[in-house]
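Heads up: the structure comes next, in structure tokens.
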Amino acid sequence: MLNKVPEVTAIFWVIKILSTTVGETGADYLAVHVGLGASLTAICMTGLLAAALLLQFSRRAYVPWIYWLTVVLVSIVGTQLTDLLTDKLEISLYVSTAAFAAALAATFVIWYAVERTLSICSIVTTRRELFYWTAILFTFALGTAAGDLATEALGLGFQLGVVVFGTLIVAVVVFYTIGASPVLTFWLAYILTRPLGASLGDLLSQSRDYGGIGLGTIQTSITFLTVIVGLVVWVTFEGEGVRRADPAQ
């Protein structure tokens, strides 16, 4: 089958950051404002994620709307997984961050041992796609835990959190431009965009009393989802245009 992952462009990173923000605000909206609670929200979103993954695995090539729907749902489930550990099981953010980091590292070790590559440019078999989505889930869970650890436990706050994680991403880009491993820098950036998006979501949605701007989870989620849909439609038609121009594709 063809590569199941989109080309890594500026639009890729914009949609990725927006989806992480929706994961943060969407999970909070469903759990708190709708009143589902963390457990029921996690169950419902996990069911939807399973359905989206089945749809994703059933395709033989990258389909933008299916891929990004799956990413958004992974973002919500990853957020809920960390929240359940912290709020329900009262597990320290230090412990959950370390545990998710270890799980992600183990996924990469096994993936590389089996496939001899961690590149996302060759997700052309079902086994590689399984490794890929497992890694994606753990990057979201790790990013959520690390972001909460930094902004809440360590007291950085939302504004400083956006600055810190944004600066770290810029540093990764600099290392990439001077010749660092593209695979390593991609995965570092992918992990860091999660707490950046979460901090941005909290900054926009939380009330001014808690250091936010006060837009609310509904308005923030709808706005970001609208932008995501618009960008996905754009890349879909752009891809169709390329295929029409090049019948060999």
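To be explicit about the labels: the chains of the structure tokens are called A, B, and onward in the order shown, and within each one the residues are counted from 1, while ligands get numbers from 1 in the order they are shown.
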
Which residues of range 28-121 of chain A sit at most 10 Å from range 219-243 of chain A, using only C-alpha atoms? Give each one's shortest atom pair and distance in Å (one decimal place), in chain and ascending residue order, as CSV.
residue,atom,partner,partner_atom,distance
A:Tyr29,CA,A:Ser221,CA,8.6
A:Val63,CA,A:Thr236,CA,7.9
A:Pro64,CA,A:Thr236,CA,6.1
A:Trp65,CA,A:Val232,CA,6.3
A:Ile66,CA,A:Val232,CA,9.8
A:Tyr67,CA,A:Val232,CA,9.7
A:Trp68,CA,A:Val232,CA,7.7
A:Leu69,CA,A:Val229,CA,9.5
A:Val72,CA,A:Leu225,CA,9.3

Could you dump the residues just selected with all heavy atoms as a PDB file, in the first residue's frame?
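Listed below is the output, out21.pdb:
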ATOM      1  N   TYR A  29     -14.442  20.032  27.834  1.00  0.00           N
ATOM      2  CA  TYR A  29     -15.842  20.374  27.579  1.00  0.00           C
ATOM      3  C   TYR A  29     -16.756  19.171  27.834  1.00  0.00           C
ATOM      4  O   TYR A  29     -17.776  19.286  28.519  1.00  0.00           O
ATOM      5  CB  TYR A  29     -16.004  20.870  26.151  1.00  0.00           C
ATOM      6  CG  TYR A  29     -17.448  21.054  25.744  1.00  0.00           C
ATOM      7  CD1 TYR A  29     -18.211  22.093  26.274  1.00  0.00           C
ATOM      8  CD2 TYR A  29     -18.056  20.183  24.841  1.00  0.00           C
ATOM      9  CE1 TYR A  29     -19.537  22.254  25.917  1.00  0.00           C
ATOM     10  CE2 TYR A  29     -19.379  20.342  24.482  1.00  0.00           C
ATOM     11  CZ  TYR A  29     -20.113  21.383  25.022  1.00  0.00           C
ATOM     12  OH  TYR A  29     -21.434  21.539  24.678  1.00  0.00           O
ATOM     13  N   VAL A  63      -5.732   9.105   3.466  1.00  0.00           N
ATOM     14  CA  VAL A  63      -6.971   9.841   3.217  1.00  0.00           C
ATOM     15  C   VAL A  63      -7.033  10.955   4.262  1.00  0.00           C
ATOM     16  O   VAL A  63      -7.179  10.671   5.458  1.00  0.00           O
ATOM     17  CB  VAL A  63      -8.207   8.930   3.331  1.00  0.00           C
ATOM     18  CG1 VAL A  63      -9.481   9.731   3.071  1.00  0.00           C
ATOM     19  CG2 VAL A  63      -8.099   7.750   2.360  1.00  0.00           C
ATOM     20  N   PRO A  64      -6.907  12.225   3.855  1.00  0.00           N
ATOM     21  CA  PRO A  64      -6.756  13.322   4.822  1.00  0.00           C
ATOM     22  C   PRO A  64      -7.784  13.352   5.941  1.00  0.00           C
ATOM     23  O   PRO A  64      -7.430  13.449   7.117  1.00  0.00           O
ATOM     24  CB  PRO A  64      -6.825  14.574   3.942  1.00  0.00           C
ATOM     25  CG  PRO A  64      -6.295  14.128   2.629  1.00  0.00           C
ATOM     26  CD  PRO A  64      -6.800  12.721   2.467  1.00  0.00           C
ATOM     27  N   TRP A  65      -9.087  13.293   5.589  1.00  0.00           N
ATOM     28  CA  TRP A  65     -10.095  13.473   6.639  1.00  0.00           C
ATOM     29  C   TRP A  65     -10.088  12.304   7.620  1.00  0.00           C
ATOM     30  O   TRP A  65     -10.318  12.505   8.829  1.00  0.00           O
ATOM     31  CB  TRP A  65     -11.480  13.683   6.040  1.00  0.00           C
ATOM     32  CG  TRP A  65     -12.164  12.464   5.485  1.00  0.00           C
ATOM     33  CD1 TRP A  65     -12.123  12.012   4.198  1.00  0.00           C
ATOM     34  CD2 TRP A  65     -12.995  11.544   6.205  1.00  0.00           C
ATOM     35  NE1 TRP A  65     -12.865  10.860   4.067  1.00  0.00           N
ATOM     36  CE2 TRP A  65     -13.420  10.553   5.280  1.00  0.00           C
ATOM     37  CE3 TRP A  65     -13.429  11.451   7.531  1.00  0.00           C
ATOM     38  CZ2 TRP A  65     -14.249   9.499   5.638  1.00  0.00           C
ATOM     39  CZ3 TRP A  65     -14.260  10.394   7.885  1.00  0.00           C
ATOM     40  CH2 TRP A  65     -14.665   9.435   6.959  1.00  0.00           C
ATOM     41  N   ILE A  66      -9.823  11.096   7.163  1.00  0.00           N
ATOM     42  CA  ILE A  66      -9.762   9.945   8.070  1.00  0.00           C
ATOM     43  C   ILE A  66      -8.540  10.048   8.985  1.00  0.00           C
ATOM     44  O   ILE A  66      -8.632   9.840  10.203  1.00  0.00           O
ATOM     45  CB  ILE A  66      -9.730   8.622   7.283  1.00  0.00           C
ATOM     46  CG1 ILE A  66     -11.001   8.460   6.461  1.00  0.00           C
ATOM     47  CG2 ILE A  66      -9.560   7.438   8.236  1.00  0.00           C
ATOM     48  CD1 ILE A  66     -10.995   7.234   5.567  1.00  0.00           C
ATOM     49  N   TYR A  67      -7.410  10.390   8.394  1.00  0.00           N
ATOM     50  CA  TYR A  67      -6.174  10.494   9.173  1.00  0.00           C
ATOM     51  C   TYR A  67      -6.305  11.550  10.274  1.00  0.00           C
ATOM     52  O   TYR A  67      -6.007  11.284  11.444  1.00  0.00           O
ATOM     53  CB  TYR A  67      -5.002  10.841   8.253  1.00  0.00           C
ATOM     54  CG  TYR A  67      -3.709  11.074   8.996  1.00  0.00           C
ATOM     55  CD1 TYR A  67      -2.859  10.018   9.296  1.00  0.00           C
ATOM     56  CD2 TYR A  67      -3.343  12.347   9.421  1.00  0.00           C
ATOM     57  CE1 TYR A  67      -1.681  10.234   9.997  1.00  0.00           C
ATOM     58  CE2 TYR A  67      -2.174  12.574  10.122  1.00  0.00           C
ATOM     59  CZ  TYR A  67      -1.343  11.516  10.406  1.00  0.00           C
ATOM     60  OH  TYR A  67      -0.188  11.717  11.114  1.00  0.00           O
ATOM     61  N   TRP A  68      -6.773  12.743   9.913  1.00  0.00           N
ATOM     62  CA  TRP A  68      -6.815  13.819  10.899  1.00  0.00           C
ATOM     63  C   TRP A  68      -7.951  13.648  11.903  1.00  0.00           C
ATOM     64  O   TRP A  68      -7.831  14.091  13.061  1.00  0.00           O
ATOM     65  CB  TRP A  68      -6.887  15.171  10.193  1.00  0.00           C
ATOM     66  CG  TRP A  68      -5.581  15.526   9.545  1.00  0.00           C
ATOM     67  CD1 TRP A  68      -5.302  15.606   8.212  1.00  0.00           C
ATOM     68  CD2 TRP A  68      -4.350  15.816  10.229  1.00  0.00           C
ATOM     69  NE1 TRP A  68      -3.981  15.917   8.017  1.00  0.00           N
ATOM     70  CE2 TRP A  68      -3.375  16.059   9.225  1.00  0.00           C
ATOM     71  CE3 TRP A  68      -3.990  15.886  11.580  1.00  0.00           C
ATOM     72  CZ2 TRP A  68      -2.051  16.370   9.554  1.00  0.00           C
ATOM     73  CZ3 TRP A  68      -2.670  16.197  11.898  1.00  0.00           C
ATOM     74  CH2 TRP A  68      -1.725  16.439  10.893  1.00  0.00           C
ATOM     75  N   LEU A  69      -9.038  13.001  11.518  1.00  0.00           N
ATOM     76  CA  LEU A  69     -10.063  12.636  12.494  1.00  0.00           C
ATOM     77  C   LEU A  69      -9.473  11.704  13.544  1.00  0.00           C
ATOM     78  O   LEU A  69      -9.713  11.870  14.756  1.00  0.00           O
ATOM     79  CB  LEU A  69     -11.238  11.952  11.795  1.00  0.00           C
ATOM     80  CG  LEU A  69     -12.308  11.332  12.705  1.00  0.00           C
ATOM     81  CD1 LEU A  69     -12.992  12.405  13.542  1.00  0.00           C
ATOM     82  CD2 LEU A  69     -13.332  10.544  11.893  1.00  0.00           C
ATOM     83  N   VAL A  72      -7.233  13.729  15.941  1.00  0.00           N
ATOM     84  CA  VAL A  72      -8.017  14.496  16.925  1.00  0.00           C
ATOM     85  C   VAL A  72      -8.530  13.581  18.029  1.00  0.00           C
ATOM     86  O   VAL A  72      -8.463  13.915  19.224  1.00  0.00           O
ATOM     87  CB  VAL A  72      -9.178  15.232  16.229  1.00  0.00           C
ATOM     88  CG1 VAL A  72     -10.136  15.823  17.266  1.00  0.00           C
ATOM     89  CG2 VAL A  72      -8.655  16.336  15.321  1.00  0.00           C
TER      90      VAL A  72
END

Contact residues around range 35-42 of chain A with only C-alpha atoms at 9 Å, ignoring same-chain residues under 2 positions, as an MDAnalysis selection string: chainID A and resid 27:33 44:47 76:77 79:81 83:84 87:88

Contacts of range 179-186 of chain A at 10 Å (only C-alpha atoms; same-chain gap of 3+ positions) as a PyMOL selection string: chain A and resi 8+117-121+169+171-176+189-192

For Gly157 in chain A, the nearest of the candidates A:Leu93, A:Leu2, A:Ile218, A:Ala198, counting only C-alpha atoms: A:Ala198

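CA of Ala105 in chain A is found 16.0 Å from CA of Arg128 in chain A.
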
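Using only C-alpha atoms, the nearest neighbour of Ile136 in chain A within the list A:Val114, A:Leu156, A:Ala106, A:Val71 is A:Val71.
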
Coordinates-based distance that separates CA of Leu49 in chain A from CA of Thr9 in chain A (Å, one decimal): 24.8 Å

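Near Ala101 in chain A, within a cut-off of 10 Å and counting only C-alpha atoms, sit the residues Val95, Ser96, Thr97, Ala98, Ala99, Ala103, Leu104, Ala105, Ala106, Thr107, Phe138, Thr139, Ala141, Leu142, Gly143, Ala145 and Ala146 of chain A, with same-chain residues fewer than 2 positions away left out.
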
Resulting file, chosen residues, N, CA and C atoms, as a CSV table (one decimal), in the first residue's frame:
chain,number,residue,atom,x,y,z
A,95,VAL,N,5.3,10.7,38.0
A,95,VAL,CA,5.2,9.2,37.8
A,95,VAL,C,4.6,9.0,36.4
A,96,SER,N,3.5,9.6,36.1
A,96,SER,CA,2.8,9.4,34.8
A,96,SER,C,3.7,9.9,33.6
A,97,THR,N,4.4,11.0,33.8
A,97,THR,CA,5.3,11.5,32.8
A,97,THR,C,6.4,10.5,32.5
A,98,ALA,N,7.0,10.0,33.6
A,98,ALA,CA,8.1,9.0,33.5
A,98,ALA,C,7.6,7.7,32.8
A,99,ALA,N,6.4,7.3,33.2
A,99,ALA,CA,5.8,6.0,32.7
A,99,ALA,C,5.5,6.1,31.2
A,103,ALA,N,7.1,4.1,28.1
A,103,ALA,CA,6.3,3.3,27.2
A,103,ALA,C,6.6,3.8,25.8
A,104,LEU,N,6.8,5.1,25.5
A,104,LEU,CA,7.1,5.6,24.2
A,104,LEU,C,8.5,5.1,23.8
A,105,ALA,N,9.4,5.1,24.7
A,105,ALA,CA,10.8,4.6,24.4
A,105,ALA,C,10.8,3.1,24.0
A,106,ALA,N,10.0,2.4,24.8
A,106,ALA,CA,9.9,0.9,24.5
A,106,ALA,C,9.3,0.7,23.1
A,107,THR,N,8.3,1.5,22.8
A,107,THR,CA,7.6,1.4,21.5
A,107,THR,C,8.6,1.6,20.4
A,138,PHE,N,1.1,7.4,22.6
A,138,PHE,CA,2.0,7.6,23.7
A,138,PHE,C,2.6,9.0,23.7
A,139,THR,N,2.8,9.6,22.5
A,139,THR,CA,3.3,11.0,22.4
A,139,THR,C,2.3,11.9,22.9
A,141,ALA,N,-0.2,11.2,25.2
A,141,ALA,CA,-0.3,11.0,26.6
A,141,ALA,C,0.9,11.6,27.3
A,142,LEU,N,2.1,11.4,26.8
A,142,LEU,CA,3.3,11.9,27.4
A,142,LEU,C,3.3,13.5,27.3
A,143,GLY,N,2.9,14.0,26.2
A,143,GLY,CA,2.8,15.5,26.1
A,143,GLY,C,1.8,16.1,27.0
A,145,ALA,N,0.9,14.8,30.0
A,145,ALA,CA,1.5,14.6,31.3
A,145,ALA,C,2.6,15.6,31.6
A,146,ALA,N,3.5,15.7,30.6
A,146,ALA,CA,4.6,16.7,30.7
A,146,ALA,C,4.1,18.1,30.7

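Among A:Arg194, A:Gln159, A:Gly216, A:Leu55, the residue with the shortest atom-to-atom distance to Leu18 in chain A, counting only C-alpha atoms, is A:Arg194.
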
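Each of A:Ile91, A:Leu196, A:Val164, A:Ala135 was checked against Val74 in chain A using only C-alpha atoms; the smallest atom-to-atom distance is that of A:Ala135.
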
Test item, alpha helix (DSSP H) assignment across range 7-139 of chain A, answer as a ChimeraX atom specification: /A:10-28,37-58,64-83,93-115,126-139
